[in-house]
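S.K.: One file: start26.txt (compact mmCIF, C-alpha atoms and all ligand atoms).
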# COMPACT_ATOMS: atom_id res chain seq x y z
CA MET A 76 2.19 -0.81 15.63
CA ARG A 77 5.27 1.35 15.26
CA VAL A 78 6.73 0.93 11.79
CA ASN A 79 10.42 1.68 11.54
CA SER A 80 10.73 1.27 7.82
CA ILE A 81 8.75 0.36 4.76
CA ARG A 82 10.65 -2.93 4.64
CA ASP A 83 8.86 -3.87 7.91
CA ILE A 84 5.58 -3.45 6.03
CA MET A 85 6.79 -5.54 3.12
CA ARG A 86 7.78 -8.32 5.51
CA ALA A 87 4.48 -8.13 7.36
CA SER A 88 2.25 -8.85 4.36
CA PRO A 89 2.67 -10.21 0.83
CA VAL A 90 -0.20 -8.03 -0.35
CA MET A 91 -1.09 -4.44 0.45
CA PRO A 92 -4.79 -3.90 -0.23
CA VAL A 93 -5.52 -0.57 -1.90
CA ILE A 94 -8.67 0.57 -0.14
CA VAL A 95 -11.20 3.21 -1.19
CA ILE A 96 -13.77 3.91 1.51
CA ASP A 97 -16.94 5.71 0.43
CA ARG A 98 -18.99 5.17 3.62
CA LEU A 99 -17.34 5.78 6.95
CA ASP A 100 -19.38 2.99 8.56
CA ASP A 101 -17.65 0.46 6.30
CA ALA A 102 -14.15 1.30 7.54
CA VAL A 103 -13.98 -0.74 10.75
CA PRO A 104 -15.84 -3.87 9.58
CA LEU A 105 -13.78 -3.88 6.39
CA ALA A 106 -10.52 -3.59 8.30
CA ARG A 107 -11.64 -6.32 10.71
CA ALA A 108 -12.52 -8.60 7.79
CA LEU A 109 -9.10 -8.14 6.19
CA VAL A 110 -7.26 -8.65 9.50
CA ALA A 111 -9.36 -11.75 10.24
CA GLY A 112 -8.21 -13.16 6.90
CA GLY A 113 -4.57 -12.50 7.77
CA ILE A 114 -3.99 -9.19 5.96
CA ARG A 115 -2.90 -6.61 8.54
CA VAL A 116 -1.24 -4.01 6.33
CA LEU A 117 -3.91 -1.67 4.96
CA GLU A 118 -3.49 1.22 2.53
CA VAL A 119 -6.46 3.55 2.91
CA THR A 120 -6.41 5.97 -0.02
CA LEU A 121 -7.08 9.68 0.35
CA ARG A 122 -9.55 9.58 -2.51
CA THR A 123 -12.81 10.13 -0.67
CA ALA A 124 -14.18 12.71 1.74
CA VAL A 125 -14.26 10.20 4.61
CA ALA A 126 -10.73 8.82 4.15
CA LEU A 127 -9.12 10.66 7.07
CA ASN A 128 -11.93 9.71 9.44
CA ALA A 129 -11.78 6.15 8.17
CA ILE A 130 -8.07 5.96 9.03
CA LYS A 131 -8.81 7.30 12.49
CA ALA A 132 -11.67 4.85 13.04
CA ILE A 133 -9.53 1.88 11.99
CA ALA A 134 -6.53 3.02 14.04
CA ASP A 135 -8.78 3.38 17.12
CA ALA A 136 -10.85 0.20 16.76
CA VAL A 137 -8.64 -2.38 15.03
CA PRO A 138 -5.37 -2.57 16.96
CA ASP A 139 -4.06 -5.49 14.90
CA ALA A 140 -4.29 -3.49 11.69
CA ILE A 141 -1.20 -1.66 10.42
CA VAL A 142 -2.96 1.31 8.89
CA GLY A 143 -1.27 3.34 6.23
CA VAL A 144 -2.44 6.02 3.88
CA GLY A 145 -2.32 5.98 0.10
CA THR A 146 -2.74 8.49 -2.71
CA VAL A 147 -0.80 11.12 -0.77
CA THR A 148 0.03 13.79 -3.35
CA ARG A 149 0.43 16.99 -1.30
CA PRO A 150 3.06 17.68 1.38
CA GLU A 151 0.57 19.02 3.94
CA GLN A 152 -1.26 15.70 3.98
CA PHE A 153 1.50 13.93 5.94
CA ALA A 154 0.85 15.81 9.17
CA GLN A 155 -2.93 15.31 8.78
CA VAL A 156 -2.73 11.57 8.25
CA LYS A 157 -0.23 11.12 11.02
CA SER A 158 -2.56 12.72 13.54
CA ALA A 159 -5.36 10.50 12.22
CA GLY A 160 -3.25 7.45 13.12
CA ALA A 161 -1.62 6.35 9.87
CA VAL A 162 1.75 4.68 10.46
CA PHE A 163 3.05 4.68 6.90
CA ALA A 164 2.29 6.44 3.63
CA VAL A 165 2.24 5.58 -0.04
CA THR A 166 2.52 8.11 -2.87
CA PRO A 167 1.90 7.45 -6.57
CA GLY A 168 5.05 9.44 -7.42
CA LEU A 169 7.75 11.45 -5.65
CA THR A 170 8.81 15.09 -5.44
CA ALA A 171 11.42 16.71 -3.20
CA GLU A 172 8.55 18.38 -1.29
CA LEU A 173 6.81 15.07 -0.59
CA ALA A 174 10.06 13.44 0.53
CA ALA A 175 10.78 16.36 2.88
CA ALA A 176 7.26 16.33 4.31
CA ALA A 177 7.41 12.57 4.99
CA LYS A 178 10.71 13.08 6.76
CA ALA A 179 9.41 16.03 8.76
CA ALA A 180 6.40 13.96 9.86
CA ASP A 181 8.70 11.00 10.64
CA MET A 182 6.45 8.84 8.50
CA PRO A 183 7.85 5.84 6.61
CA LEU A 184 7.07 6.41 2.93
CA LEU A 185 6.71 4.05 -0.01
CA PRO A 186 7.20 6.40 -2.97
CA GLY A 187 5.89 5.60 -6.40
CA VAL A 188 8.27 5.31 -9.35
CA MET A 189 7.83 4.28 -12.96
CA THR A 190 11.18 4.85 -14.70
CA PRO A 191 14.90 4.28 -14.03
CA SER A 192 15.43 8.03 -13.60
CA GLU A 193 12.72 8.08 -10.93
CA VAL A 194 14.37 5.14 -9.16
CA ILE A 195 17.66 7.07 -9.15
CA ALA A 196 15.96 10.18 -7.79
CA ALA A 197 14.08 8.25 -5.09
CA ARG A 198 17.26 6.45 -4.04
CA ALA A 199 19.10 9.78 -3.87
CA ALA A 200 16.30 11.00 -1.57
CA GLY A 201 17.06 8.09 0.76
CA PHE A 202 14.54 5.42 -0.29
CA ASP A 203 15.43 1.77 -0.88
CA ALA A 204 11.85 0.47 -1.13
CA MET A 205 9.53 1.82 -3.83
CA LYS A 206 6.13 1.25 -5.34
CA LEU A 207 6.31 0.46 -9.06
CA PHE A 208 3.22 2.29 -10.26
CA PRO A 209 1.31 1.68 -12.39
CA ALA A 210 3.02 -1.69 -12.47
CA GLU A 211 1.35 -3.36 -15.42
CA GLN A 212 1.56 -0.24 -17.58
CA ALA A 213 5.20 0.26 -16.57
CA GLY A 214 6.07 -3.14 -18.00
CA GLY A 215 5.15 -5.51 -15.20
CA LEU A 216 7.34 -8.55 -14.66
CA GLY A 217 9.71 -7.65 -17.50
CA MET A 218 10.28 -4.16 -16.12
CA LEU A 219 11.04 -5.50 -12.63
CA LYS A 220 13.51 -8.05 -14.04
CA ALA A 221 15.20 -5.26 -16.01
CA LEU A 222 15.37 -2.95 -12.97
CA ALA A 223 17.02 -5.70 -10.88
CA GLY A 224 20.25 -5.30 -12.88
CA PRO A 225 21.15 -1.66 -12.19
CA PHE A 226 19.13 -1.37 -8.97
CA ALA A 227 19.80 -4.63 -7.13
CA ASP A 228 19.53 -2.81 -3.78
CA VAL A 229 15.97 -1.60 -4.36
CA LEU A 230 12.90 -3.58 -3.28
CA PHE A 231 9.64 -2.93 -5.14
CA CYS A 232 5.95 -3.16 -4.39
CA PRO A 233 4.36 -3.41 -7.84
CA THR A 234 0.84 -2.00 -7.80
CA GLY A 235 -1.67 -1.38 -10.56
CA GLY A 236 -3.06 -4.25 -12.59
CA VAL A 237 -1.82 -6.96 -10.20
CA SER A 238 -4.30 -9.77 -9.48
CA LEU A 239 -4.52 -12.90 -7.35
CA HIS A 240 -3.57 -14.76 -10.53
CA SER A 241 -0.47 -12.67 -11.36
CA ALA A 242 0.69 -11.91 -7.80
CA PRO A 243 2.71 -15.16 -7.33
CA GLN A 244 4.84 -14.36 -10.38
CA PHE A 245 5.61 -10.90 -8.98
CA LEU A 246 6.30 -12.22 -5.47
CA ALA A 247 8.73 -14.80 -6.89
CA LEU A 248 11.05 -12.03 -8.11
CA PRO A 249 13.96 -11.30 -5.76
CA ASN A 250 13.40 -7.53 -5.97
CA VAL A 251 9.69 -7.68 -5.05
CA GLY A 252 8.90 -7.31 -1.34
CA CYS A 253 5.11 -7.28 -1.64
CA VAL A 254 2.45 -6.37 -4.18
CA GLY A 255 -0.40 -3.91 -3.96
CA GLY A 256 -3.88 -4.35 -5.33
CA SER A 257 -7.53 -3.57 -5.01
CA TRP A 258 -8.77 -7.06 -5.80
CA LEU A 259 -9.17 -7.91 -2.10
CA VAL A 260 -11.68 -5.11 -1.68
CA PRO A 261 -14.27 -5.45 -4.46
CA LYS A 262 -16.64 -2.48 -4.49
CA ASP A 263 -19.76 -4.65 -4.67
CA LYS A 264 -18.71 -6.74 -1.65
CA VAL A 265 -18.03 -3.59 0.39
CA ALA A 266 -21.34 -2.05 -0.71
CA SER A 267 -23.27 -5.14 0.34
CA GLY A 268 -21.27 -5.58 3.56
CA ASP A 269 -20.16 -9.06 2.56
CA TRP A 270 -17.30 -9.13 5.07
CA GLN A 271 -17.01 -12.91 4.93
CA ALA A 272 -16.23 -12.75 1.23
CA ILE A 273 -13.57 -10.13 1.93
CA SER A 274 -12.05 -12.26 4.70
CA ALA A 275 -11.91 -15.15 2.22
CA LEU A 276 -10.11 -12.94 -0.33
CA ALA A 277 -7.70 -11.84 2.39
CA ARG A 278 -7.01 -15.47 3.36
CA GLU A 279 -6.13 -16.29 -0.25
CA ALA A 280 -3.86 -13.25 -0.45
CA ALA A 281 -2.17 -13.95 2.88
CA ALA A 282 -1.36 -17.48 1.70
CA LEU A 283 0.57 -16.14 -1.29
CA ARG A 284 3.76 -16.21 0.77
C1 LIG B 1 -4.83 2.10 -7.52
O1 LIG B 1 -4.24 3.14 -7.71
O2 LIG B 1 -6.05 2.03 -7.42
C2 LIG B 1 -3.99 0.91 -7.33
O3 LIG B 1 -2.92 0.97 -8.17
C3 LIG B 1 -4.74 -0.36 -7.46
O4 LIG B 1 -4.70 -0.82 -8.75
P1 LIG B 1 -5.55 -2.10 -9.12
O5 LIG B 1 -7.01 -1.70 -8.97
O6 LIG B 1 -5.18 -2.38 -10.54
O7 LIG B 1 -5.17 -3.20 -8.18
Before anything else, please render the file you have as structure tokens.

M.R.:
Amino acid sequence: MRVNSIRDIMRASPVMPVIVIDRLDDAVPLARALVAGGIRVLEVTLRTAVALNAIKAIADAVPDAIVGVGTVTRPEQFAQVKSAGAVFAVTPGLTAELAAAAKAADMPLLPGVMTPSEVIAARAAGFDAMKLFPAEQAGGLGMLKALAGPFADVLFCPTGGVSLHSAPQFLALPNVGCVGGSWLVPKDKVASGDWQAISALAREAAALR
């Protein structure tokens, strides 16, 4: 799917699963399990050796998935992930170099922010949708309510410490477009190939909105 903006992603799914893939063979069945449960937006993090190949495998084999890349921290990674098939990117923070590289690659970017000054800088760089990261440590619900005053035009995706239990409170805030979290992809369920359990977690998450 062509993604024109990060707001498309936020509309497409209430939850963005933060995915760490250790074994390449897990990538496609995991993506299929999440999509079967109704979660199409996937953030595959660049934290493992197989991450790029996992993105490529999912992009090739799971057409209903909207595959993005997470944990992008170096400008040169944008071109690499784009050729692997990622259609959006997420960074834990933002620098001028990362913003320029995302633009050069024509890749919609959800940049991470944690403070008002970072929101101002990200907005000046052209972003109106941001990841509040790490959300819980940044102040969670209270922080988002406080940011809504001066930054009413910014939509957030709080990520970090969000759970199935806390997600509805985040999603109820007017300045939250979606939440991110790893709870849909428990390491033990991936290791044992329990795709049905992961589909069930995805179904619960998809029903949050
Ligand atoms: C991460 O960086 O792994 C994400 O923020 C996910 O955080 P979580 O495991 O608390 O959902």

S.K.: Mind running chain A against ligand LIG 1 (chain B) at 7 Å and telling me each contacting residue's nearest atom pair with the distance in Å (one decimal), counting only C-alpha atoms and all ligand atoms, chain and number ascending, as JSON lines?

M.R.:
{"residue": "A:Val93", "atom": "CA", "partner": "B:LIG1", "partner_atom": "C3", "distance": 5.6}
{"residue": "A:Phe208", "atom": "CA", "partner": "B:LIG1", "partner_atom": "O3", "distance": 6.6}
{"residue": "A:Pro209", "atom": "CA", "partner": "B:LIG1", "partner_atom": "O3", "distance": 6.0}
{"residue": "A:Thr234", "atom": "CA", "partner": "B:LIG1", "partner_atom": "O3", "distance": 4.8}
{"residue": "A:Gly235", "atom": "CA", "partner": "B:LIG1", "partner_atom": "O4", "distance": 3.6}
{"residue": "A:Gly236", "atom": "CA", "partner": "B:LIG1", "partner_atom": "O6", "distance": 3.5}
{"residue": "A:Val237", "atom": "CA", "partner": "B:LIG1", "partner_atom": "O7", "distance": 5.4}
{"residue": "A:Ser238", "atom": "CA", "partner": "B:LIG1", "partner_atom": "O7", "distance": 6.8}
{"residue": "A:Gly255", "atom": "CA", "partner": "B:LIG1", "partner_atom": "O7", "distance": 6.4}
{"residue": "A:Gly256", "atom": "CA", "partner": "B:LIG1", "partner_atom": "O7", "distance": 3.3}
{"residue": "A:Ser257", "atom": "CA", "partner": "B:LIG1", "partner_atom": "O7", "distance": 4.0}
{"residue": "A:Trp258", "atom": "CA", "partner": "B:LIG1", "partner_atom": "O7", "distance": 5.8}

S.K.: Calculate how many Å separate CA of Asp228 in chain A from CA of Gly143 in chain A, rounding to one decimal.

M.R.: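 One can read the CA of Asp228 in chain A to CA of Gly143 in chain A distance as 23.9 Å.
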
S.K.: Can you measure CA of Leu185 in chain A to CA of Val165 in chain A for me? One decimal in Å is fine.

M.R.: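 That distance, rounded to one decimal, is 4.7 Å.
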
S.K.: Go through A:Asp269, A:Asp203, A:Glu118, A:Glu151 one by one, measure the shortest atom-to-atom distance of each to Met91 in chain A using only C-alpha atoms, and give the residue with the smallest value.

M.R.: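 The answer is A:Glu118, which sits nearest to Met91 in chain A.
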
S.K.: Leaving out Ala197 in chain A and any residue of its chain fewer than 2 positions from it, which residues lie within 12 Å of it when counting only C-alpha atoms, given as a PDB file with C-alpha atoms, in the frame of the given file?

M.R.:
ATOM      1  CA  THR A 166       2.520   8.110  -2.870  1.00  0.00           C
ATOM      2  CA  GLY A 168       5.050   9.440  -7.420  1.00  0.00           C
ATOM      3  CA  LEU A 169       7.750  11.450  -5.650  1.00  0.00           C
ATOM      4  CA  THR A 170       8.810  15.090  -5.440  1.00  0.00           C
ATOM      5  CA  ALA A 171      11.420  16.710  -3.200  1.00  0.00           C
ATOM      6  CA  LEU A 173       6.810  15.070  -0.590  1.00  0.00           C
ATOM      7  CA  ALA A 174      10.060  13.440   0.530  1.00  0.00           C
ATOM      8  CA  ALA A 175      10.780  16.360   2.880  1.00  0.00           C
ATOM      9  CA  LEU A 184       7.070   6.410   2.930  1.00  0.00           C
ATOM     10  CA  LEU A 185       6.710   4.050  -0.010  1.00  0.00           C
ATOM     11  CA  PRO A 186       7.200   6.400  -2.970  1.00  0.00           C
ATOM     12  CA  GLY A 187       5.890   5.600  -6.400  1.00  0.00           C
ATOM     13  CA  VAL A 188       8.270   5.310  -9.350  1.00  0.00           C
ATOM     14  CA  MET A 189       7.830   4.280 -12.960  1.00  0.00           C
ATOM     15  CA  THR A 190      11.180   4.850 -14.700  1.00  0.00           C
ATOM     16  CA  PRO A 191      14.900   4.280 -14.030  1.00  0.00           C
ATOM     17  CA  SER A 192      15.430   8.030 -13.600  1.00  0.00           C
ATOM     18  CA  GLU A 193      12.720   8.080 -10.930  1.00  0.00           C
ATOM     19  CA  VAL A 194      14.370   5.140  -9.160  1.00  0.00           C
ATOM     20  CA  ILE A 195      17.660   7.070  -9.150  1.00  0.00           C
ATOM     21  CA  ALA A 199      19.100   9.780  -3.870  1.00  0.00           C
ATOM     22  CA  ALA A 200      16.300  11.000  -1.570  1.00  0.00           C
ATOM     23  CA  GLY A 201      17.060   8.090   0.760  1.00  0.00           C
ATOM     24  CA  PHE A 202      14.540   5.420  -0.290  1.00  0.00           C
ATOM     25  CA  ASP A 203      15.430   1.770  -0.880  1.00  0.00           C
ATOM     26  CA  ALA A 204      11.850   0.470  -1.130  1.00  0.00           C
ATOM     27  CA  MET A 205       9.530   1.820  -3.830  1.00  0.00           C
ATOM     28  CA  LYS A 206       6.130   1.250  -5.340  1.00  0.00           C
ATOM     29  CA  LEU A 207       6.310   0.460  -9.060  1.00  0.00           C
ATOM     30  CA  PHE A 226      19.130  -1.370  -8.970  1.00  0.00           C
ATOM     31  CA  VAL A 229      15.970  -1.600  -4.360  1.00  0.00           C
TER      32      VAL A 229
END

S.K.: Can you build me a table of range 200-275 of chain A residues sitting at most 10 Å from range 100-106 of chain A, with the closest atom pair per residue and its distance in Å to one decimal, using only C-alpha atoms, sorted by chain and residue number, as a tab-separated table?

M.R.:
residue	atom	partner	partner_atom	distance
A:Val260	CA	A:Leu105	CA	8.4
A:Lys264	CA	A:Leu105	CA	9.9
A:Val265	CA	A:Asp101	CA	7.2
A:Ala266	CA	A:Asp101	CA	8.3
A:Ser267	CA	A:Asp101	CA	9.9
A:Gly268	CA	A:Asp101	CA	7.6
A:Asp269	CA	A:Leu105	CA	9.1
A:Trp270	CA	A:Leu105	CA	6.5
A:Gln271	CA	A:Leu105	CA	9.7
A:Ile273	CA	A:Leu105	CA	7.7
A:Ser274	CA	A:Leu105	CA	8.7

S.K.: For Ala277 in chain A, find every residue with an atom within 10 Å (counting only C-alpha atoms), except residues of its own chain fewer than 4 positions away, and show them as a list in words.

M.R.: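 Within the cut-off, the hits are Val90, Pro92, Ala108, Leu109, Val110, Ala111, Gly112, Gly113, Ile114, Arg115, Trp258, Leu259, Val260, Gln271, Ala272, Ile273, Ala281 and Ala282 of chain A.
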
S.K.: Find the distance between CA of Ala129 in chain A and CA of Glu172 in chain A and write it in Å to one decimal.

M.R.: 25.5 Å

S.K.: Once you add 8 Å to each side, what are the centre and edge lengths of the axis-aligned box holding all listed atoms of range 216-229 of chain A? One decimal in Å, as lines of an AutoDock Vina configuration file, if you can.

M.R.:
center_x = 14.2
center_y = -5.0
center_z = -10.6
size_x = 29.8
size_y = 23.2
size_z = 29.7

S.K.: So that I can check the surroundings of Leu121 in chain A, please list as a PyMOL selection string every protein, DNA and RNA residue that reaches within 6 Å of it, counting all atoms listed in the file and ignoring chain neighbours fewer than 2 positions away.

M.R.: chain A and resi 123+126+146

S.K.: Which residue is closest to Pro243 in chain A? Choose from A:Ala210, A:Arg284, A:Val156, A:Pro261 and count all atoms listed in the file.

M.R.: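 Using all atoms listed in the file, the shortest distance to Pro243 in chain A belongs to A:Arg284.
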
S.K.: Could you check which of A:Val162, A:Val95, A:Gln212, A:Asn250 is closest to Gly224 in chain A, using only C-alpha atoms?

M.R.: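 Of A:Val162, A:Val95, A:Gln212, A:Asn250, the one nearest Gly224 in chain A is A:Asn250, counting only C-alpha atoms.
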
S.K.: Which is closer to Val142 in chain A than all the others in A:Ala177, A:Ile84, A:Ala124, A:Ile96, using all atoms listed in the file?

M.R.: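 Closest to Val142 in chain A, using all atoms listed in the file: A:Ile84.
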
S.K.: When you count only C-alpha atoms, which of these residues is closest to Lys220 in chain A: A:Ala180, A:Ala242, A:Cys253, A:Ala247?

M.R.: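 Result for the nearest residue to Lys220 in chain A: A:Ala247.
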
S.K.: Out of A:Leu239, A:Val119, A:Val251, A:Ile94, which residue has the shortest atom-to-atom distance to Glu279 in chain A when counting all atoms listed in the file?

M.R.: A:Leu239
